file entry.cif (mmCIF, C-alpha atoms)
data_coords
#
loop_
_atom_site.label_atom_id
_atom_site.label_comp_id
_atom_site.auth_asym_id
_atom_site.auth_seq_id
_atom_site.Cartn_x
_atom_site.Cartn_y
_atom_site.Cartn_z
CA MET A 1 100.25 64.34 40.22
CA PRO A 2 97.15 66.48 40.89
CA LYS A 3 95.94 68.76 38.12
CA LEU A 4 96.46 72.48 38.73
CA PRO A 5 93.45 74.82 38.80
CA GLU A 6 92.72 75.98 35.27
CA ARG A 7 91.81 79.57 36.04
CA SER A 8 94.23 80.65 38.71
CA GLY A 9 97.86 80.28 39.70
CA ARG A 10 99.06 79.31 36.23
CA GLU A 11 101.98 81.62 36.64
CA GLN A 12 103.25 79.54 39.56
CA ALA A 13 105.80 76.83 38.77
CA LEU A 14 104.45 73.31 39.27
CA PRO A 15 107.18 72.16 41.68
CA LYS A 16 106.57 75.20 43.87
CA ILE A 17 102.83 74.56 44.03
CA GLN A 18 103.41 70.86 44.70
CA LYS A 19 105.75 71.70 47.57
CA TYR A 20 102.94 73.58 49.37
CA ILE A 21 100.34 70.91 48.62
CA GLU A 22 102.47 68.29 50.35
CA SER A 23 103.59 70.35 53.37
CA PRO A 24 101.15 71.54 56.07
CA VAL A 25 104.12 73.31 57.69
CA LEU A 26 104.70 75.42 54.57
CA GLN A 27 100.96 76.10 54.33
CA GLU A 28 100.90 77.40 57.91
CA ARG A 29 104.00 79.50 57.28
CA LEU A 30 102.47 81.05 54.15
CA TYR A 31 99.20 81.66 56.03
CA LYS A 32 101.04 83.67 58.70
CA ARG A 33 103.11 85.55 56.12
CA THR A 34 99.96 86.41 54.18
CA LEU A 35 98.38 87.88 57.30
CA ILE A 36 101.42 90.13 57.83
CA ILE A 37 101.28 91.43 54.25
CA VAL A 38 97.51 91.96 54.45
CA ILE A 39 97.99 93.90 57.71
CA LEU A 40 100.52 96.20 56.05
CA SER A 41 98.34 96.85 53.00
CA GLN A 42 95.24 97.41 55.12
CA ILE A 43 96.94 100.09 57.20
CA PHE A 44 97.40 102.09 54.01
CA GLY A 45 94.02 101.06 52.61
CA GLY A 46 92.22 102.20 55.75
CA ALA A 47 93.65 105.69 55.40
CA GLY A 48 92.45 105.72 51.80
CA LEU A 49 88.84 104.83 52.49
CA ALA A 50 88.41 107.39 55.28
CA ALA A 51 88.42 110.40 52.94
CA GLY A 52 85.19 109.62 51.15
CA LEU A 53 83.37 108.70 54.35
CA THR A 54 84.43 111.89 56.11
CA VAL A 55 84.15 114.71 53.58
CA GLY A 56 82.55 113.24 50.44
CA ALA A 57 79.06 114.46 51.36
CA LEU A 58 80.36 117.86 52.53
CA LEU A 59 82.31 118.37 49.29
CA ALA A 60 79.26 117.62 47.17
CA GLN A 61 77.10 119.87 49.35
CA GLU A 62 79.57 122.73 48.93
CA MET A 63 79.73 122.32 45.15
CA LEU A 64 75.97 121.77 44.64
CA LYS A 65 74.89 124.42 47.19
CA THR A 66 72.24 122.07 48.62
CA ALA A 67 72.05 119.23 51.14
CA SER A 68 69.27 117.34 49.34
CA PHE A 69 71.80 115.45 47.23
CA ALA A 70 74.45 115.04 49.91
CA GLY A 71 73.87 111.29 49.86
CA ILE A 72 74.92 111.04 46.20
CA PRO A 73 78.70 110.79 46.92
CA ALA A 74 78.16 107.80 49.21
CA ALA A 75 75.90 106.26 46.57
CA LEU A 76 78.50 106.77 43.85
CA ILE A 77 81.29 105.40 46.02
CA THR A 78 79.23 102.31 46.79
CA VAL A 79 78.21 101.83 43.13
CA GLY A 80 81.92 102.06 42.28
CA SER A 81 82.49 99.62 45.10
CA ALA A 82 80.01 97.22 43.51
CA LEU A 83 81.74 97.40 40.15
CA GLY A 84 85.09 97.05 41.87
CA ALA A 85 83.98 94.03 43.89
CA TRP A 86 82.83 92.24 40.73
CA TYR A 87 86.02 93.05 38.84
CA VAL A 88 88.45 92.38 41.69
CA GLY A 89 86.71 89.09 42.47
CA ARG A 90 87.15 87.87 38.92
CA LEU A 91 90.73 89.11 38.65
CA SER A 92 91.53 87.29 41.89
CA GLN A 93 89.80 84.15 40.63
CA ARG A 94 91.96 84.11 37.50
CA PHE A 95 95.28 85.63 38.56
CA GLY A 96 95.34 85.41 42.38
CA ARG A 97 94.70 87.75 45.30
CA GLY A 98 97.82 89.87 44.78
CA PRO A 99 97.15 91.06 41.21
CA GLY A 100 93.39 91.38 41.82
CA LEU A 101 93.66 93.45 44.99
CA ALA A 102 96.56 95.55 43.68
CA THR A 103 94.57 96.54 40.59
CA GLY A 104 91.63 97.63 42.74
CA PHE A 105 93.74 99.75 45.09
CA LEU A 106 95.57 101.46 42.22
CA ALA A 107 92.23 102.29 40.58
CA GLY A 108 91.06 103.81 43.87
CA GLY A 109 94.18 105.98 43.97
CA ILE A 110 93.47 107.27 40.46
CA GLY A 111 89.89 108.07 41.51
CA ALA A 112 91.13 110.07 44.51
CA ILE A 113 93.41 112.11 42.23
CA GLY A 114 90.38 112.79 40.02
CA VAL A 115 88.44 114.11 43.04
CA ILE A 116 91.25 116.55 43.81
CA ILE A 117 91.24 117.85 40.23
CA ALA A 118 87.42 118.08 40.18
CA ALA A 119 87.36 120.11 43.41
CA SER A 120 90.02 122.46 42.06
CA LEU A 121 88.07 123.00 38.82
CA GLN A 122 84.67 122.99 40.57
CA ASN A 123 83.56 120.39 38.03
CA ILE A 124 80.70 118.37 39.50
CA ILE A 125 80.61 115.84 36.61
CA LEU A 126 84.29 115.02 37.08
CA LEU A 127 83.72 114.82 40.84
CA PHE A 128 80.96 112.24 40.47
CA ALA A 129 82.95 110.19 37.93
CA SER A 130 86.03 110.26 40.16
CA LEU A 131 84.05 109.20 43.24
CA LEU A 132 82.79 106.24 41.22
CA ILE A 133 86.37 105.15 40.46
CA TYR A 134 87.48 105.93 44.02
CA GLY A 135 84.82 103.45 45.14
CA VAL A 136 86.82 100.63 43.54
CA GLY A 137 89.50 101.27 46.16
CA THR A 138 87.01 101.06 49.01
CA ALA A 139 85.69 97.75 47.63
CA THR A 140 89.22 96.42 47.45
CA ASN A 141 89.85 97.38 51.05
CA LEU A 142 86.87 95.24 52.01
CA GLN A 143 87.75 92.40 49.61
CA ALA A 144 91.19 92.12 51.22
CA ARG A 145 89.53 90.56 54.27
CA TYR A 146 89.15 87.35 52.26
CA ALA A 147 92.88 87.06 51.50
CA GLY A 148 93.70 85.95 55.03
CA THR A 149 91.09 83.17 54.92
CA ASP A 150 92.43 81.34 51.86
CA LEU A 151 94.75 79.10 53.88
CA ALA A 152 92.96 79.38 57.24
CA LYS A 153 91.46 76.34 58.95
CA PRO A 154 87.66 76.48 59.50
CA SER A 155 88.18 77.33 63.19
CA GLN A 156 90.47 80.24 62.18
CA ARG A 157 88.38 81.87 59.48
CA ALA A 158 86.58 84.57 61.45
CA SER A 159 89.80 85.36 63.30
CA ALA A 160 91.64 85.66 59.97
CA VAL A 161 89.00 88.12 58.74
CA SER A 162 89.35 90.05 61.97
CA VAL A 163 93.13 90.42 61.59
CA ALA A 164 92.67 92.04 58.19
CA MET A 165 89.95 94.33 59.49
CA VAL A 166 91.61 95.44 62.72
CA SER A 167 94.71 96.51 60.83
CA THR A 168 92.49 98.84 58.78
CA THR A 169 91.81 100.72 62.01
CA PHE A 170 95.18 102.45 62.14
CA GLY A 171 94.75 104.25 58.84
CA ALA A 172 90.97 104.57 59.02
CA VAL A 173 91.03 106.35 62.38
CA ALA A 174 93.98 108.55 61.51
CA GLY A 175 92.40 109.66 58.23
CA PRO A 176 89.35 111.55 59.56
CA ASN A 177 91.40 113.14 62.33
CA LEU A 178 93.77 114.54 59.71
CA VAL A 179 90.93 116.44 57.99
CA ASN A 180 92.07 119.85 59.24
CA VAL A 181 95.75 119.11 58.64
CA MET A 182 95.15 117.88 55.09
CA GLY A 183 92.75 120.76 54.48
CA ARG A 184 95.45 123.29 55.34
CA ALA A 185 97.98 121.38 53.24
CA ALA A 186 95.55 121.42 50.29
CA GLU A 187 94.91 125.16 50.63
CA SER A 188 98.65 125.80 50.68
CA ILE A 189 98.89 124.40 47.14
CA GLY A 190 95.71 126.03 45.87
CA VAL A 191 93.34 123.09 46.34
CA PRO A 192 90.00 123.44 48.24
CA ALA A 193 90.28 122.34 51.89
CA LEU A 194 87.63 119.60 51.58
CA ALA A 195 89.69 117.91 48.86
CA GLY A 196 92.67 117.64 51.22
CA PRO A 197 91.80 114.19 52.62
CA PHE A 198 91.74 112.81 49.08
CA ILE A 199 95.43 113.70 48.72
CA LEU A 200 96.07 111.30 51.59
CA ALA A 201 93.68 108.77 50.02
CA ALA A 202 95.51 108.80 46.68
CA ALA A 203 98.90 108.13 48.26
CA ALA A 204 97.49 105.50 50.66
CA PHE A 205 95.62 103.46 48.04
CA ILE A 206 98.60 103.44 45.66
CA LEU A 207 100.94 102.28 48.44
CA ALA A 208 98.49 99.54 49.48
CA GLY A 209 98.36 98.28 45.91
CA LEU A 210 102.12 98.22 45.53
CA VAL A 211 102.57 96.29 48.80
CA LEU A 212 100.24 93.53 47.60
CA LEU A 213 101.61 93.42 44.08
CA VAL A 214 105.21 93.11 45.18
CA LEU A 215 105.04 91.11 48.42
CA LEU A 216 102.09 88.71 48.17
CA ARG A 217 104.10 85.88 46.61
CA PRO A 218 103.45 82.98 46.33
CA ASP A 219 99.80 83.84 46.03
CA PRO A 220 97.74 82.25 48.86
CA TYR A 221 94.64 81.82 46.71
CA ALA A 222 96.56 79.96 44.01
CA ILE A 223 97.95 77.63 46.68
CA ALA A 224 94.50 77.15 48.26
CA GLN A 225 93.00 76.26 44.87
CA ALA A 226 95.76 73.75 44.18
CA ILE A 227 95.32 72.12 47.61
CA ALA A 228 91.55 71.90 47.12
CA GLN A 229 91.95 70.41 43.65
CA ALA A 230 94.44 67.85 44.96
CA ASN A 231 92.07 66.86 47.78
CA ARG A 232 89.15 66.60 45.39
CA THR A 233 91.15 64.44 42.96
CA SER A 234 92.25 62.03 45.68
CA ALA A 235 88.82 61.80 47.34
CA GLY A 236 86.67 61.61 44.20
CA PRO A 237 83.67 63.63 42.94
CA SER A 238 81.47 62.77 45.91
CA SER A 239 83.62 64.93 48.17
CA ASP A 240 82.60 68.18 46.47
CA SER A 241 81.43 70.46 49.27
CA THR A 242 80.01 73.20 47.07
CA THR A 243 76.65 71.46 46.86
CA GLY A 244 74.07 70.78 49.52
CA ASP A 245 71.40 72.66 51.43
CA GLY A 246 73.76 73.69 54.23
CA ASN A 247 76.07 75.53 51.85
CA LYS A 248 73.25 77.24 49.96
CA ARG A 249 71.68 78.29 53.24
CA GLY A 250 75.02 79.65 54.47
CA LEU A 251 75.42 81.75 51.33
CA VAL A 252 71.91 83.19 51.59
CA VAL A 253 72.06 83.97 55.31
CA GLY A 254 75.61 85.31 55.21
CA THR A 255 74.71 87.59 52.31
CA ALA A 256 71.52 88.80 53.99
CA VAL A 257 73.36 89.62 57.22
CA MET A 258 76.01 91.68 55.43
CA ILE A 259 73.47 93.49 53.22
CA LEU A 260 71.28 94.54 56.13
CA THR A 261 74.17 95.74 58.27
CA GLN A 262 75.63 97.66 55.31
CA VAL A 263 72.35 99.45 54.53
CA VAL A 264 71.83 100.52 58.13
CA MET A 265 75.42 101.65 58.63
CA ILE A 266 75.72 103.58 55.35
CA SER A 267 72.37 105.33 55.75
CA ILE A 268 73.03 106.73 59.21
CA MET A 269 76.75 107.38 58.76
CA THR A 270 76.31 109.26 55.46
CA MET A 271 74.04 111.93 56.90
CA THR A 272 75.77 112.36 60.25
CA PRO A 273 78.37 114.91 58.97
CA VAL A 274 75.60 116.94 57.28
CA HIS A 275 73.45 116.77 60.43
CA MET A 276 76.37 117.94 62.56
CA LYS A 277 77.28 120.80 60.24
CA HIS A 278 73.67 122.02 60.24
CA HIS A 279 73.84 122.26 64.03
CA GLY A 280 77.07 124.21 64.25
CA HIS A 281 79.71 121.49 64.63
CA GLY A 282 83.01 122.21 62.88
CA LEU A 283 85.10 119.97 60.64
CA GLY A 284 87.26 118.94 63.60
CA ALA A 285 84.20 117.60 65.46
CA VAL A 286 82.95 115.86 62.34
CA GLY A 287 86.34 114.23 61.87
CA LEU A 288 86.37 113.11 65.51
CA VAL A 289 82.90 111.49 65.31
CA ILE A 290 83.56 109.76 61.99
CA GLY A 291 87.04 108.72 63.13
CA ILE A 292 85.62 107.04 66.24
CA HIS A 293 82.87 105.48 64.13
CA ILE A 294 85.40 103.99 61.70
CA GLY A 295 87.55 102.86 64.60
CA ALA A 296 84.52 101.06 66.05
CA MET A 297 83.92 99.45 62.67
CA TYR A 298 87.34 97.81 62.71
CA LEU A 299 89.04 97.94 66.11
CA PRO A 300 86.82 95.35 67.89
CA SER A 301 87.56 92.85 65.11
CA LEU A 302 89.97 90.61 67.03
CA ILE A 303 87.39 90.10 69.79
CA THR A 304 84.59 89.73 67.26
CA GLY A 305 86.53 87.15 65.25
CA TYR A 306 87.21 85.10 68.37
CA LEU A 307 83.54 85.21 69.39
CA VAL A 308 82.32 84.31 65.91
CA ASP A 309 84.64 81.28 65.83
CA LYS A 310 83.81 80.19 69.38
CA VAL A 311 80.19 81.26 70.01
CA GLY A 312 78.87 80.88 66.48
CA ARG A 313 78.09 82.80 63.30
CA LEU A 314 74.34 83.09 63.79
CA ALA A 315 74.47 84.14 67.44
CA MET A 316 76.82 87.01 66.65
CA SER A 317 74.67 88.06 63.69
CA ILE A 318 71.70 88.42 66.04
CA ALA A 319 73.90 90.44 68.41
CA SER A 320 74.70 92.71 65.45
CA GLY A 321 71.02 93.48 64.95
CA MET A 322 70.54 94.39 68.60
CA VAL A 323 73.56 96.72 68.69
CA LEU A 324 72.44 98.48 65.49
CA LEU A 325 68.97 98.97 66.96
CA ILE A 326 70.41 100.66 70.05
CA SER A 327 72.61 102.84 67.85
CA GLY A 328 69.69 103.98 65.69
CA ILE A 329 67.55 104.85 68.72
CA LEU A 330 70.39 106.79 70.35
CA ALA A 331 71.20 108.74 67.17
CA ALA A 332 67.51 109.53 66.69
CA PHE A 333 66.91 110.95 70.16
CA ALA A 334 70.32 112.42 71.07
CA PRO A 335 70.32 116.25 71.27
CA ALA A 336 71.94 117.67 68.13
CA ASP A 337 74.44 119.69 70.17
CA SER A 338 75.56 116.67 72.24
CA LEU A 339 78.88 115.57 70.77
CA VAL A 340 79.27 112.82 73.38
CA LEU A 341 75.97 111.11 72.51
CA LEU A 342 76.64 111.40 68.78
CA ILE A 343 80.03 109.76 69.33
CA LEU A 344 78.40 106.94 71.31
CA ALA A 345 75.69 106.40 68.68
CA LEU A 346 78.17 106.27 65.81
CA ALA A 347 80.54 104.03 67.79
CA LEU A 348 77.72 101.53 68.37
CA LEU A 349 76.83 101.80 64.69
CA GLY A 350 80.38 100.76 63.85
CA VAL A 351 80.38 97.87 66.35
CA GLY A 352 77.06 96.53 65.00
CA TRP A 353 78.40 96.65 61.45
CA ASN A 354 81.58 94.87 62.57
CA LEU A 355 79.64 92.03 64.18
CA GLY A 356 77.49 91.57 61.09
CA LEU A 357 80.32 91.76 58.57
CA ILE A 358 82.65 89.29 60.27
CA SER A 359 79.93 86.75 61.06
CA GLY A 360 78.48 87.05 57.54
CA THR A 361 81.90 86.78 55.93
CA ALA A 362 82.69 83.63 57.92
CA MET A 363 79.42 82.08 56.72
CA ILE A 364 80.35 82.86 53.11
CA VAL A 365 83.83 81.33 53.43
CA ASP A 366 82.34 78.25 55.13
CA ALA A 367 79.84 77.81 52.29
CA THR A 368 82.18 78.20 49.29
CA HIS A 369 84.79 75.93 47.70
CA PRO A 370 88.30 77.32 47.01
CA THR A 371 88.01 76.61 43.29
CA THR A 372 85.20 79.17 42.89
CA ARG A 373 85.49 81.14 46.11
CA ALA A 374 86.95 84.46 44.88
CA LYS A 375 84.37 84.87 42.12
CA THR A 376 81.51 84.07 44.49
CA GLN A 377 82.85 86.46 47.14
CA GLY A 378 83.12 89.22 44.55
CA THR A 379 79.54 88.68 43.42
CA ILE A 380 78.23 88.79 46.98
CA ASP A 381 80.16 91.98 47.70
CA VAL A 382 78.49 93.49 44.61
CA LEU A 383 75.10 92.92 46.22
CA ILE A 384 76.35 94.39 49.49
CA ALA A 385 77.70 97.47 47.72
CA LEU A 386 74.51 98.01 45.72
CA ALA A 387 72.46 97.75 48.89
CA GLY A 388 74.75 100.30 50.51
CA ALA A 389 74.43 102.55 47.46
CA SER A 390 70.66 102.49 47.78
CA GLY A 391 70.91 103.36 51.45
CA GLY A 392 73.35 106.18 50.75
CA ALA A 393 71.26 107.68 47.94
CA LEU A 394 68.00 107.52 49.88
CA SER A 395 69.48 108.75 53.16
CA GLY A 396 69.83 112.34 51.91
CA VAL A 397 66.29 112.40 50.55
CA VAL A 398 64.81 110.89 53.72
CA ALA A 399 66.74 113.20 56.03
CA ALA A 400 65.87 116.29 53.92
CA SER A 401 62.17 115.43 53.66
CA THR A 402 61.75 114.25 57.26
CA SER A 403 64.69 114.49 59.65
CA TYR A 404 67.96 112.86 60.66
CA SER A 405 66.13 111.41 63.68
CA THR A 406 63.56 109.67 61.47
CA LEU A 407 66.32 108.27 59.28
CA SER A 408 68.26 106.93 62.27
CA LEU A 409 65.20 105.37 63.90
CA ALA A 410 64.18 103.68 60.64
CA GLY A 411 67.68 102.27 60.27
CA GLY A 412 67.65 100.87 63.78
CA LEU A 413 64.29 99.18 63.26
CA LEU A 414 65.43 97.71 59.93
CA SER A 415 68.28 95.95 61.69
CA LEU A 416 65.75 93.84 63.60
CA VAL A 417 65.17 91.86 60.40
CA LEU A 418 68.44 90.07 61.21
CA ILE A 419 66.76 88.21 64.05
CA PRO A 420 64.10 86.29 62.02
CA VAL A 421 66.65 85.68 59.23
CA CYS A 422 69.03 83.96 61.65
CA LEU A 423 66.36 82.16 63.66
CA GLY A 424 64.80 80.91 60.41
CA SER A 425 68.15 79.52 59.34
CA ILE A 426 68.55 77.67 62.63
CA LYS A 427 65.09 76.16 62.24
CA LEU A 428 65.78 75.09 58.65
CA GLY A 429 69.07 73.56 59.73
CA LYS A 430 67.35 71.46 62.39
CA THR A 431 64.67 70.36 59.93
CA ALA A 432 67.30 69.34 57.38
CA ALA A 433 69.23 67.41 60.03
CA GLN A 434 66.09 65.55 61.12
CA SER A 435 65.24 64.70 57.51
CA SER A 436 68.77 63.42 56.96
CA LYS A 437 68.52 61.17 60.02
CA SER A 438 65.12 59.77 59.04
CA ALA A 439 66.37 59.09 55.50
#

call {"tool": "encode", "arguments": {"input": "entry.cif", "output": "structure tokens"}}
result
Amino acid sequence: MPKLPERSGREQALPKIQKYIESPVLQERLYKRTLIIVILSQIFGGAGLAAGLTVGALLAQEMLKTASFAGIPAALITVGSALGAWYVGRLSQRFGRGPGLATGFLAGGIGAIGVIIAASLQNIILLFASLLIYGVGTATNLQARYAGTDLAKPSQRASAVSVAMVSTTFGAVAGPNLVNVMGRAAESIGVPALAGPFILAAAAFILAGLVLLVLLRPDPYAIAQAIAQANRTSAGPSSDSTTGDGNKRGLVVGTAVMILTQVVMISIMTMTPVHMKHHGHGLGAVGLVIGIHIGAMYLPSLITGYLVDKVGRLAMSIASGMVLLISGILAAFAPADSLVLLILALALLGVGWNLGLISGTAMIVDATHPTTRAKTQGTIDVLIALAGASGGALSGVVAASTSYSTLSLAGGLLSLVLIPVCLGSIKLGKTAAQSSKSA
């Protein structure tokens, strides 16, 4: 009888685990059930993450009375996201996806409640601390994309990621467009209008956590670990796929793709609400632009996942760089009073990010072994979050000292780095293959 993974799934009864190891039919059934549960949790989670993206910078600007530090909320959220990614990854490694993700979402809900209290008290220290904790929820929303891949076949992995991401769209698009509604609801109970979206975020994150904690049983990651351990035991040590140049190269390239797309997206998106407010756009217009942007981040996922599985990871990563370049150029040169062009620029920004995230995620899943996958994924998402935090923090300074146009153009040009990264990987892969043949 194969030995169970030491660090995860211990709570599962041995006969139950064994039943899944021996039955591909049960594995497929659990895979489909997991996707349904992830979809449900992501609908709530998407509504939770929208608050910080939409009004975080405006709330800080209102409380600090300056726009120079408007990028700090995004930086704090992404630092919190980094801490959350590390913690959720390790919790998932040890206890399974359900407990790990549920803990992260519940923490995000507590952070959102802290933001509401901070806004009511006009306490900037509490606001910053709460945004940090709120960031754990946003990291969890992103980490949930891995849950659907645990039992997916290699040819299904990008599509499995896309299912988790597209379901985020429903809540993520609704959230920004409820800014005015939630603002009026907040004012009716004596809370500042800009804190209103965080009321929605608190409820949404807590519900997402409860869905995963209660329904994600048996845990797909525990089953995937057990299957991998059984396969390794029967095939012998030489079958270990976690070593080798191809896997290391996949980890490096996948991480680089996601870091670059995150930096570009966060930098431009963070300062767009401030830029719009400076040029006379109201909260409704800001909510519309950010809502469409978030929709573009997630809604194309089903098509993107199919293309990444069929056309290839590297090809779609290069496409990501080109779309982000066009977005940056359009945002830089669009007239400030043109709502239509701002919508188009931010929509393309979302699409470019989507292409990069799904292709990069698929590379990471391809390059990791189930026995260590969750921990590795968490570590990589830490790097992505820290890169986003840097982009968020610097975006306010760059825009204040130069202009929003300069910031957008610089972001677009930075995305071009994706092309040599991907082309270099292809060249290295061919060289390695030739060396293998000659050996």

call {"tool": "closest_residue", "arguments": {"input": "entry.cif", "among": "A:Cys422, A:Val79, A:Ala226, A:Ala336", "to": "Ala385 in chain A", "atoms": "only C-alpha atoms"}}
result
A:Val79

call {"tool": "residues_around", "arguments": {"input": "entry.cif", "residues": "range 361-365 of chain A", "least_positions_apart": "3", "cutoff": "6 Å", "atoms": "only C-alpha atoms", "output": "VMD selection string"}}
result
chain A and resid 158 250 to 251 254 357 to 358 368

call {"tool": "closest_residue", "arguments": {"input": "entry.cif", "among": "A:Arg157, A:Ile37, A:Met269, A:Phe333", "to": "Lys310 in chain A", "atoms": "all atoms listed in the file"}}
result
A:Arg157

call {"tool": "atom_distance", "arguments": {"input": "entry.cif", "atom1": "CA of Gly137 in chain A", "atom2": "CA of Arg217 in chain A"}}
result
21.2 Å

call {"tool": "resolve_selection", "arguments": {"input": "entry.cif", "expression": "the PyMOL selection byres ((chain A and resi 140-143) around 9)", "output": "PyMOL selection string"}}
result
chain A and resi 41-42+45-46+48-49+81+84-85+88-89+100-105+108+135-139+144-147+165+168+205+377-378+381

call {"tool": "atom_distance", "arguments": {"input": "entry.cif", "atom1": "CA of Gly98 in chain A", "atom2": "CA of Ala203 in chain A"}}
result
18.6 Å
